[in-house]
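One structure is given here, and the rest of the page talks about it.
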Amino acid sequence: MLGQSKREVRTDTAISETVVDEDEIEDRQATTIAELVDSVPGVSLINGNTPQGSGINIRGFGANSTNGSDQKVAIQVDGASVGSEELYRIGTQLFTDPALYKQVTVIRGTAGTFEYGSGIIGGLIRLDTKDASDFTGGEPGFKLRQTLQYGTNGDAWASSTIFAWQPDENLEFLGNYTYRSQGVQKDGDGNGIGSDGFDLPSWLVKAKYRFGEAREHYVKLSYSDTSSDQKDVPYDTFGAVGDSFGNVDRKMRSKTAVMEYGFNPAGNDLINLTATLSYAEQKIDQDYVPGSSSCETTFCGIPFPPGGFAATNADHRYETTKLTVKNQALFATGQLGHDLRLGVEYIRKERLDAASAPGGTDKRWALFAVDDMSFGGLTLTPALRYETQDIGGDSYADYDNDALMGGLSARYAFGNGWAVFGSAAYTENLPIIDDLGTPAYMTRSEKARTYELGFSYDRGTVFADGDDLALKLTAYHTTVWDITSYTTDMMVPITDARMKGLELEAAYSLPSGHYVDLNADIARGEITTPGVPDDWEGTPADRIRMTLGRKWGETLDLSWEVAHAAEMNRSAKPSGSNTVHNLRATWRPQDGVFKGTEIRAGIENAFDLDYTPHLATRPAPGRTFKLTLARTF
């Protein structure tokens, strides 16, 4: 029996990729998607304890204290692109429930993203929803899974019910309904974090049908829906500006629909075709609560009209329709093996015109090609993406843009567990609907170049019989120019920036069940705009996270996680250091009356530390006891 850690280190690729699987998703008992990915090196949160206020930062790019989303970080659900490009002080990209998903894949940087989009500078998060066969094991039958969860901080509770049915081996259906509720959480000093909790009903329906003599065809349909209805809550979900903006009645809804066709004929390695049609909608309805803003009748430094700031009465609707047709071909040319992915993509984004957000339509066509070419221990992966754009609105001019992007990654495995790798990638972020009111930005794309270099080691029986050691160290350097989306605190445009850093992932396990997981990241960012030298505001804190644990087969898993963030004096927004301890236990009886039952217990922030994470605008929750009961029938 080989040892097994909690998280696999992807040493088999040159891409900076981390996968959070279903076991870890359930083990963490996360309340939001944000709480799942903040344990990945290079990933930081702009808050994370509420879905409406969660923003994500990868390698220094992404959401900030002003905008809750950023086109430099992409989020996809079953291949559908979700979230708005930029919305003022509202997070939309991570507005969903973790109970719907079986896997979260995080790709950091640009290399590895050309199959999925353009302008991805910080990184990409791909969420995969659960399938019926995950519960039925691919065999005809019916399964029911019920999960109940409770957290003491904020009196948080959740119920998730899953129905999985396979009439036969070719047809499967899944239904999932999750209701999550959380009140106002308290920080380590016992003070309330913000003034609003949330109720979050979510549901997912999914079906898959295989057909053909060798089941070489399949059709898959899925639809997920998450919503919230809040009354008299702060407009600013980040809690960064007090009551200047006042309160609103806010309804948020995120819907995602995906239809996919696949064809993979037996005995033909040249054809593995998928055609994916997706639709994602994020809708926000807001009504200002009269009398709630301290600036309602005073200037407060910005032009607030009587009745509240215009943005607080704004309704937002963002729709993205996408069709992706891709084929994977496996073949050889002499001694060179190929894994070639060719694809074409059509994307249509529509944004409702609002008081604080221009409306319009962004239509794009893209062609991409990625080829993993292997020869012995060497793997070379050239990638290209060409994208055209037609963007405009009823109240704005139309613009046409295009860009050719691409990169090259390489990995060489020495055959003794060691491997070296590197990559160079160039991408362009084409103009966005949010900038239609600024003509100078509509013909200028943001450009970025990223270099990565590193090594990995993966081998068994290193220090003891049957042990397993895997580690991966990556250095990166990203340069961005022609920036259109950032300014300094004094509203001076930032046009150039540079980010560099180191990321480490490691895992060690023994046949006895003992394991150690470790990851760390160090980053340095600076503004390189002429005349505006300064530290990059989005630079994350230096962090290290270590998990010590032991598994008793599939029955019991006990772990202790320590997460330390260093003091950040170099940042434009400094923060103090903090060390947080989390304890987790999972018990799965393998026989007897409790077979099929799972009991999870955890203590988050065990020593009740009062701190505000770097880049966040709200304090972190204090000590939280969590308990989850799940049973599959």
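As shown in the structure tokens, the chain order sets the letters A, B, ...; within each chain, residues go from 1, and ligands are also counted from 1 in the order they appear.
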Next item on the list: Report the residues of range 449-604 of chain A whose backbone DSSP state falls under strand (DSSP E or B), written as JSON, numbers by chain.
Entry: {"A": [449, 450, 451, 452, 453, 454, 455, 456, 457, 458, 459, 460, 468, 469, 470, 471, 472, 473, 474, 475, 476, 477, 478, 479, 480, 481, 487, 493, 496, 497, 498, 499, 500, 501, 502, 503, 504, 505, 506, 507, 508, 509, 514, 515, 516, 517, 518, 519, 520, 521, 522, 523, 524, 525, 526, 527, 534, 535, 543, 544, 545, 546, 547, 548, 549, 550, 551, 552, 556, 557, 558, 559, 560, 561, 562, 563, 564, 565, 568, 575, 578, 579, 580, 581, 582, 583, 584, 585, 586, 587, 597, 598, 599, 600, 601, 602, 603, 604]}
Checklist line | range 137-147 of chain A surroundings by only C-alpha atoms, 6 Å radius, close-in-sequence under 6 positions cut, as JSON, numbers by chain | finding: {"A": [159, 160, 161, 162, 163, 164, 165, 166, 167, 168, 169, 629, 630, 631, 632, 633]}
Check: If you count only C-alpha atoms, which residues fall within 10 Å of Gly602 in chain A, apart from same-chain ones fewer than 6 positions away, as a list in words?
Finding: Asp27, Arg28, Gln29, Gly151, Leu558, Ser559, Trp560, Asn582, Leu583, Arg584, Ala585, Thr586, Thr624, Phe625, Lys626, Leu627 and Thr628 of chain A
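Put simply, CA of Arg364 in chain A is 21.2 Å away from CA of Ala425 in chain A.
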